[in-house]
file structure_17.txt (compact mmCIF, C-alpha atoms)
# COMPACT_ATOMS: atom_id res chain seq x y z
CA MET A 1 9.81 -3.49 26.57
CA HIS A 2 9.82 -3.91 30.36
CA THR A 3 11.29 -7.44 30.40
CA SER A 4 12.83 -8.78 33.58
CA ASN A 5 12.93 -12.33 34.90
CA ALA A 6 13.18 -11.13 38.49
CA SER A 7 10.71 -12.82 40.86
CA ALA A 8 8.91 -14.46 37.93
CA ALA A 9 8.28 -17.60 40.00
CA GLN A 10 6.23 -15.62 42.53
CA ARG A 11 4.00 -14.02 39.92
CA SER A 12 0.61 -15.16 38.65
CA TYR A 13 -1.41 -13.59 35.85
CA LEU A 14 -4.97 -13.64 34.61
CA VAL A 15 -5.32 -12.60 30.96
CA GLY A 16 -7.76 -13.27 28.14
CA LEU A 17 -8.92 -12.82 24.57
CA VAL A 18 -11.99 -10.83 23.52
CA GLY A 19 -13.49 -11.56 20.11
CA LYS A 20 -16.19 -13.44 18.25
CA ASP A 21 -16.06 -17.17 17.39
CA ILE A 22 -12.66 -17.65 19.04
CA GLN A 23 -13.04 -21.18 20.46
CA GLN A 24 -10.35 -22.50 18.08
CA SER A 25 -7.80 -19.89 19.18
CA LYS A 26 -4.30 -21.17 19.95
CA SER A 27 -3.56 -18.18 22.22
CA PRO A 28 -4.45 -19.96 25.50
CA PHE A 29 -2.01 -22.78 24.72
CA MET A 30 0.81 -20.44 23.63
CA HIS A 31 0.58 -18.13 26.65
CA GLU A 32 -0.05 -20.77 29.32
CA GLN A 33 2.68 -23.08 27.99
CA GLU A 34 5.30 -20.32 27.90
CA ALA A 35 4.35 -19.28 31.44
CA ARG A 36 4.84 -22.88 32.63
CA GLU A 37 8.27 -22.98 31.00
CA LEU A 38 9.16 -19.83 32.96
CA ASP A 39 7.82 -21.24 36.28
CA MET A 40 4.97 -18.73 36.26
CA LEU A 41 1.25 -19.23 36.72
CA LEU A 42 -0.84 -17.75 33.92
CA LEU A 43 -4.51 -18.41 33.17
CA TYR A 44 -5.75 -17.40 29.72
CA GLN A 45 -9.54 -17.03 29.34
CA LEU A 46 -11.60 -16.81 26.16
CA LEU A 47 -14.24 -14.06 26.32
CA ASP A 48 -16.16 -15.10 23.21
CA LEU A 49 -18.94 -12.74 22.14
CA ALA A 50 -20.64 -15.63 20.31
CA VAL A 51 -20.71 -17.77 23.48
CA LEU A 52 -21.76 -14.81 25.64
CA LYS A 53 -24.48 -13.98 23.08
CA ARG A 54 -23.31 -10.36 23.06
CA ASP A 55 -22.04 -8.03 20.37
CA VAL A 56 -19.30 -5.40 20.09
CA ASP A 57 -21.43 -3.04 22.17
CA ALA A 58 -20.60 -5.26 25.18
CA LEU A 59 -16.90 -4.36 24.88
CA ALA A 60 -16.99 -1.54 27.45
CA ASP A 61 -18.64 -3.85 30.02
CA LEU A 62 -16.14 -6.63 29.32
CA LEU A 63 -13.15 -4.32 29.81
CA ASP A 64 -14.66 -2.92 33.02
CA SER A 65 -15.28 -6.45 34.34
CA ALA A 66 -11.81 -7.73 33.41
CA GLU A 67 -10.16 -4.73 35.07
CA LEU A 68 -12.29 -5.17 38.19
CA MET A 69 -11.40 -8.89 38.38
CA GLY A 70 -7.68 -8.17 38.29
CA PHE A 71 -6.83 -9.17 34.73
CA ALA A 72 -3.30 -8.10 33.75
CA GLY A 73 -4.60 -7.44 30.26
CA LEU A 74 -6.53 -8.69 27.25
CA ASN A 75 -5.83 -9.65 23.69
CA ILE A 76 -8.37 -8.19 21.27
CA THR A 77 -9.40 -9.76 17.97
CA HIS A 78 -12.10 -9.49 15.30
CA PRO A 79 -14.48 -7.64 15.42
CA CYS A 80 -13.19 -5.50 18.30
CA LYS A 81 -9.74 -4.19 17.23
CA GLN A 82 -11.00 -0.76 16.20
CA ALA A 83 -13.97 -0.54 18.58
CA VAL A 84 -11.72 -0.90 21.63
CA ILE A 85 -9.69 2.25 20.87
CA PRO A 86 -12.12 4.83 22.38
CA LEU A 87 -12.15 2.75 25.60
CA LEU A 88 -8.39 3.16 26.18
CA HIS A 89 -6.30 5.86 27.85
CA GLU A 90 -3.10 5.49 25.82
CA LEU A 91 -2.03 4.01 22.49
CA SER A 92 1.41 2.86 21.38
CA GLU A 93 2.89 4.51 18.30
CA GLU A 94 2.19 1.37 16.25
CA ALA A 95 -1.43 1.06 17.42
CA ARG A 96 -2.09 4.70 16.59
CA ALA A 97 -0.56 4.47 13.11
CA ILE A 98 -2.27 1.16 12.32
CA GLY A 99 -5.63 2.22 13.74
CA ALA A 100 -6.14 -1.12 15.49
CA VAL A 101 -5.34 -2.61 18.91
CA ASN A 102 -4.80 -6.31 19.63
CA THR A 103 -3.35 -6.06 23.15
CA VAL A 104 -4.54 -4.07 26.17
CA ARG A 105 -2.59 -3.82 29.43
CA PHE A 106 -4.25 -2.72 32.66
CA ALA A 107 -1.86 -0.83 34.93
CA GLY A 108 -2.37 1.79 37.63
CA GLY A 109 -6.00 2.36 36.72
CA ARG A 110 -5.13 3.05 33.09
CA ARG A 111 -5.60 1.06 29.91
CA HIS A 112 -2.69 0.93 27.47
CA GLY A 113 -3.34 -0.23 23.88
CA TYR A 114 -0.75 -1.92 21.68
CA ASN A 115 -0.60 -3.64 18.31
CA THR A 116 1.75 -6.63 18.35
CA ASP A 117 0.53 -7.96 14.97
CA ALA A 118 2.84 -5.61 13.06
CA LEU A 119 5.81 -6.50 15.26
CA GLY A 120 4.95 -10.20 14.96
CA PHE A 121 4.76 -10.07 11.16
CA ALA A 122 8.01 -8.07 10.91
CA ASP A 123 9.86 -10.53 13.18
CA SER A 124 8.55 -13.48 11.17
CA PHE A 125 9.47 -11.83 7.86
CA ARG A 126 13.04 -11.06 8.95
CA ARG A 127 13.44 -14.64 10.15
CA GLY A 128 11.74 -16.43 7.25
CA LEU A 129 12.53 -14.24 4.22
CA PRO A 130 15.88 -12.59 4.97
CA ASP A 131 17.24 -10.40 2.15
CA ALA A 132 13.91 -10.52 0.28
CA PRO A 133 13.76 -7.65 -2.26
CA LEU A 134 11.40 -4.86 -1.20
CA GLU A 135 11.35 -2.44 -4.15
CA ARG A 136 7.72 -3.17 -5.09
CA VAL A 137 5.37 -5.16 -2.86
CA VAL A 138 1.68 -5.91 -3.41
CA GLN A 139 -0.64 -6.57 -0.48
CA ILE A 140 -4.09 -8.13 -0.72
CA GLY A 141 -6.30 -7.09 2.20
CA ALA A 142 -6.78 -3.77 4.01
CA GLY A 143 -8.66 -4.89 7.12
CA GLY A 144 -7.30 -5.01 10.68
CA ALA A 145 -4.63 -7.62 9.87
CA GLY A 146 -3.78 -5.87 6.62
CA ALA A 147 -3.26 -2.58 8.42
CA ALA A 148 -0.69 -4.30 10.64
CA THR A 149 1.16 -6.09 7.84
CA ALA A 150 1.24 -2.90 5.73
CA TYR A 151 2.75 -0.99 8.67
CA ALA A 152 5.27 -3.81 9.10
CA MET A 153 6.28 -3.85 5.41
CA LEU A 154 6.82 -0.09 5.36
CA SER A 155 8.80 -0.33 8.62
CA LEU A 156 10.93 -3.08 7.06
CA GLY A 157 11.82 -0.70 4.23
CA ALA A 158 9.44 -1.52 1.36
CA SER A 159 10.10 1.18 -1.26
CA HIS A 160 6.57 0.93 -2.62
CA LEU A 161 3.51 -0.90 -1.30
CA CYS A 162 0.42 -1.32 -3.46
CA ILE A 163 -2.68 -2.27 -1.43
CA VAL A 164 -5.64 -4.07 -3.01
CA ASP A 165 -8.97 -4.80 -1.30
CA THR A 166 -12.34 -5.97 -2.62
CA VAL A 167 -14.26 -3.67 -0.22
CA PRO A 168 -14.67 -0.29 -1.97
CA GLY A 169 -12.73 2.49 -0.29
CA ARG A 170 -11.02 0.33 2.32
CA ALA A 171 -7.56 0.28 0.70
CA ALA A 172 -7.73 4.05 0.12
CA ALA A 173 -8.68 4.63 3.78
CA LEU A 174 -5.74 2.50 4.95
CA VAL A 175 -3.32 4.35 2.67
CA GLN A 176 -4.61 7.67 4.01
CA ASN A 177 -4.06 6.51 7.60
CA LEU A 178 -0.58 5.08 6.93
CA ALA A 179 0.44 8.33 5.21
CA LYS A 180 0.38 9.96 8.66
CA ALA A 181 3.40 7.84 9.62
CA PHE A 182 5.08 7.16 6.25
CA ASP A 183 5.80 9.03 3.02
CA ARG A 184 2.61 8.92 0.92
CA THR A 185 4.64 8.35 -2.27
CA ARG A 186 5.57 4.88 -0.96
CA LEU A 187 1.90 3.84 -1.06
CA SER A 188 -0.70 3.26 -3.74
CA VAL A 189 -4.13 1.68 -4.15
CA GLY A 190 -4.48 -1.10 -6.71
CA SER A 191 -7.65 -2.33 -8.38
CA ASP A 192 -6.30 -5.70 -9.53
CA ALA A 193 -3.69 -7.75 -7.69
CA GLY A 194 -2.75 -9.77 -10.76
CA SER A 195 -1.74 -6.79 -12.88
CA ALA A 196 -0.03 -5.12 -9.89
CA LEU A 197 2.12 -8.25 -9.42
CA LEU A 198 3.60 -8.05 -12.94
CA GLU A 199 6.31 -5.64 -11.75
CA ALA A 200 6.44 -6.68 -8.08
CA GLN A 201 8.98 -8.72 -6.12
CA GLY A 202 6.67 -9.68 -3.27
CA LEU A 203 3.09 -10.48 -2.28
CA VAL A 204 1.62 -10.18 1.22
CA HIS A 205 -1.72 -11.93 1.68
CA ALA A 206 -3.76 -10.47 4.56
CA THR A 207 -7.32 -11.79 4.14
CA PRO A 208 -9.05 -14.87 5.63
CA THR A 209 -9.04 -16.66 2.24
CA GLY A 210 -7.33 -20.01 2.65
CA MET A 211 -8.60 -20.66 6.16
CA ARG A 212 -10.59 -23.89 6.56
CA GLN A 213 -13.89 -22.00 6.54
CA TYR A 214 -12.82 -19.79 3.61
CA PRO A 215 -11.06 -22.16 1.17
CA GLY A 216 -9.61 -21.03 -2.13
CA LEU A 217 -7.11 -18.57 -3.57
CA PRO A 218 -7.18 -14.77 -3.15
CA LEU A 219 -6.08 -14.29 -6.78
CA PRO A 220 -5.61 -16.47 -9.90
CA ALA A 221 -2.63 -18.81 -9.51
CA ALA A 222 -1.46 -17.73 -12.98
CA ALA A 223 -0.66 -14.28 -11.53
CA LEU A 224 2.17 -15.78 -9.46
CA HIS A 225 5.62 -15.81 -11.07
CA ALA A 226 8.93 -17.39 -10.09
CA GLY A 227 10.62 -14.11 -9.16
CA LEU A 228 8.08 -13.49 -6.40
CA TRP A 229 8.19 -14.09 -2.66
CA VAL A 230 4.80 -14.76 -1.02
CA ALA A 231 4.02 -14.10 2.67
CA GLU A 232 0.82 -15.43 4.25
CA ILE A 233 -0.97 -14.48 7.48
CA VAL A 234 -3.33 -17.49 7.61
CA TYR A 235 -1.89 -20.14 9.95
CA PHE A 236 -4.55 -22.84 10.18
CA PRO A 237 -3.82 -24.59 7.95
CA LEU A 238 -0.17 -23.57 7.70
CA GLU A 239 -0.09 -24.92 4.13
CA THR A 240 -2.68 -22.75 2.38
CA GLU A 241 -3.69 -23.15 -1.24
CA LEU A 242 -1.86 -19.89 -1.98
CA LEU A 243 1.43 -21.12 -0.52
CA LYS A 244 1.17 -24.43 -2.40
CA ALA A 245 0.46 -22.63 -5.68
CA ALA A 246 3.35 -20.24 -5.02
CA ARG A 247 5.83 -23.01 -4.30
CA ASP A 248 4.68 -24.89 -7.42
CA ARG A 249 5.75 -21.81 -9.38
CA GLY A 250 9.13 -21.52 -7.69
CA CYS A 251 8.31 -18.68 -5.27
CA ARG A 252 9.94 -18.27 -1.86
CA THR A 253 7.20 -18.49 0.76
CA LEU A 254 6.47 -17.57 4.38
CA ASP A 255 3.59 -19.17 6.27
CA GLY A 256 1.50 -17.41 8.93
CA GLY A 257 2.81 -19.39 11.89
CA GLY A 258 5.64 -17.01 12.72
CA MET A 259 3.36 -13.99 12.90
CA ALA A 260 0.96 -15.89 15.19
CA VAL A 261 3.76 -16.89 17.54
CA PHE A 262 5.70 -13.62 17.59
CA GLN A 263 2.63 -11.44 18.17
CA ALA A 264 1.76 -13.73 21.09
CA ALA A 265 5.31 -13.51 22.46
CA ALA A 266 5.20 -9.70 22.35
CA ALA A 267 1.78 -9.67 24.04
CA PHE A 268 3.06 -12.08 26.72
CA GLU A 269 5.88 -9.64 27.50
CA ILE A 270 3.44 -6.72 27.71
CA PHE A 271 1.22 -8.66 30.14
CA THR A 272 3.97 -10.06 32.36
CA GLY A 273 7.08 -7.94 31.91
CA VAL A 274 8.99 -11.20 31.39
CA ALA A 275 10.88 -12.05 28.19
CA ALA A 276 9.39 -14.91 26.15
CA ASP A 277 11.58 -17.51 24.41
CA ARG A 278 10.49 -17.14 20.78
CA ALA A 279 12.38 -20.18 19.47
CA ARG A 280 10.73 -22.35 22.13
CA MET A 281 7.29 -20.90 21.38
CA LEU A 282 7.80 -21.63 17.66
CA ARG A 283 8.68 -25.25 18.43
CA GLN A 284 5.66 -25.68 20.67
CA PHE A 285 3.37 -24.05 18.10
CA SER A 286 4.58 -26.44 15.41
CA GLU A 287 3.54 -29.37 17.62
CA ILE A 288 -0.08 -28.22 18.03
CA PRO A 289 -2.22 -30.65 16.02
CA GLU A 290 -4.12 -29.05 13.12
CA ASN A 291 -7.57 -30.36 13.97

call {"tool": "encode", "arguments": {"input": "structure_17.txt", "output": "C-alpha cells"}}
result
Amino acid sequence: MHTSNASAAQRSYLVGLVGKDIQQSKSPFMHEQEARELDMLLLYQLLDLAVLKRDVDALADLLDSAELMGFAGLNITHPCKQAVIPLLHELSEEARAIGAVNTVRFAGGRRHGYNTDALGFADSFRRGLPDAPLERVVQIGAGGAGAATAYAMLSLGASHLCIVDTVPGRAAALVQNLAKAFDRTRLSVGSDAGSALLEAQGLVHATPTGMRQYPGLPLPAAALHAGLWVAEIVYFPLETELLKAARDRGCRTLDGGGMAVFQAAAAFEIFTGVAADRARMLRQFSEIPEN
C-alpha cells in the first residue's frame, strides 16, 4: 500500500461513511484519533441514508457530491456494499473476488474500490488465534461480511470451508463466487451448522446475531465443543452470547474488535497514504465506552 509519512503534518483529509442507521459507528473516532496521533487533520463524516431520508438509489448522487466536495474517499457499509460496485472505475482483487466494497478512494477523477474487511479479519485472526487448526472450518453467514470472512479464511489456508446461511441460495451463491478465486473443492454449502461442526476445528460467525438489537445465539450452544475455536465479527458488545457460551465449553475465542480496528487501519492508509499504528488503534478502541 502507498504508505509514506512524508509531509503528513501538512495534509488534511475529508472522508466519510455511507450506510443506513450508522449513528453508532465507531469509524469517526478511530480515523480522527489516529490522524491526530500522526499530526494530521482528518474529518470523518457520517452520510446516513436514514438521516437523509434516502435509499440506496441515492448512492450515485452521494458519490458525485463527495467527489465534487473534495473527499479523499468513503467507507461503504450496509446496505450499499454491492450497490456501489457499478459506480466505480476499478476494483481491487479482494473486492472483485468478494463481490463487495467497503472503501472507495477518489484519485485523479477515478474511483477505486477496495474491501478491507477481509484483510482486517485475517490480521485479527493471525494475531488472536495463531496456530489455530484450519482443516475444517464452518462459517455461519453468507452476506457482505460473510463474503469477506470466507475470503479471509481461504486466504489464511483453510483446507475446507463449509458455509451455512438461513437465506435460501445465499451460501450457494457465495461459494460460486469464491470458486472464481479458490479451488471449488475447498468449499461446500451446509444446511445445519450444528451437524457441520461435529467434524470441524473452527467456527466463524458472520451474522448480526449477538448485537444489542439482535440478541441471542446463531446456533444451539450444545453444538459447541471443547476442541473448537470460535471467531466472531460482532464487536458491540465485544462479549457476545456466542463467545460466552464458547468459553464456557473450553473453546478458544476471538472477538470482533480486531477486525473492526484492522479494517479501519487499512482504509485509513488507502485514504491518506500514511501508515496507521495498529497497536495504538487497538488500545484506543478498547477504551471506547460500550454505551

call {"tool": "residues_around", "arguments": {"input": "structure_17.txt", "residues": "stretch 83-85 of chain A", "least_positions_apart": "6", "cutoff": "8 Å", "atoms": "only C-alpha atoms", "output": "mmCIF file with C-alpha atoms, keeping the file's coordinate frame"}}
result
data_model
loop_
_atom_site.group_PDB
_atom_site.id
_atom_site.type_symbol
_atom_site.label_atom_id
_atom_site.label_comp_id
_atom_site.auth_asym_id
_atom_site.auth_seq_id
_atom_site.Cartn_x
_atom_site.Cartn_y
_atom_site.Cartn_z
ATOM 1 C CA VAL A 56 -19.300 -5.400 20.090
ATOM 2 C CA LEU A 59 -16.900 -4.360 24.880
ATOM 3 C CA ALA A 60 -16.990 -1.540 27.450
ATOM 4 C CA ALA A 100 -6.140 -1.120 15.490
ATOM 5 C CA VAL A 101 -5.340 -2.610 18.910
ATOM 6 C CA GLY A 113 -3.340 -0.230 23.880
#

call {"tool": "residues_around", "arguments": {"input": "structure_17.txt", "residues": "A:Arg136", "least_positions_apart": "3", "cutoff": "8 Å", "atoms": "all atoms listed in the file", "output": "list in words"}}
result
Ala158, Ser159, His160, Leu161, Cys162, Glu199, Ala200, Gln201 and Gly202 of chain A

call {"tool": "atom_distance", "arguments": {"input": "structure_17.txt", "atom1": "atom CA of A:Gly273", "atom2": "atom CA of A:Thr149"}}
result
24.9 Å

call {"tool": "residues_near_point", "arguments": {"input": "structure_17.txt", "point": "(6.0, -1.1, 4.9)", "cutoff": "12 Å", "atoms": "only C-alpha atoms", "output": "VMD selection string"}}
result
chain A and resid 97 to 98 118 to 119 121 to 122 125 134 to 139 146 to 163 175 178 to 179 181 to 188 202 204

call {"tool": "closest_residue", "arguments": {"input": "structure_17.txt", "among": "A:Ala275, A:Ile288, A:Val104, A:Met281", "to": "A:Leu74", "atoms": "only C-alpha atoms"}}
result
A:Val104

call {"tool": "closest_residue", "arguments": {"input": "structure_17.txt", "among": "A:Pro79, A:Pro218, A:Asp192, A:Met259", "to": "A:Asp57", "atoms": "only C-alpha atoms"}}
result
A:Pro79

call {"tool": "atom_distance", "arguments": {"input": "structure_17.txt", "atom1": "atom CA of A:Trp229", "atom2": "atom CA of A:Ala132"}}
result
7.4 Å

call {"tool": "closest_residue", "arguments": {"input": "structure_17.txt", "among": "A:Lys53, A:Lys20, A:Arg278, A:Arg283", "to": "A:Gly120", "atoms": "all atoms listed in the file"}}
result
A:Arg278
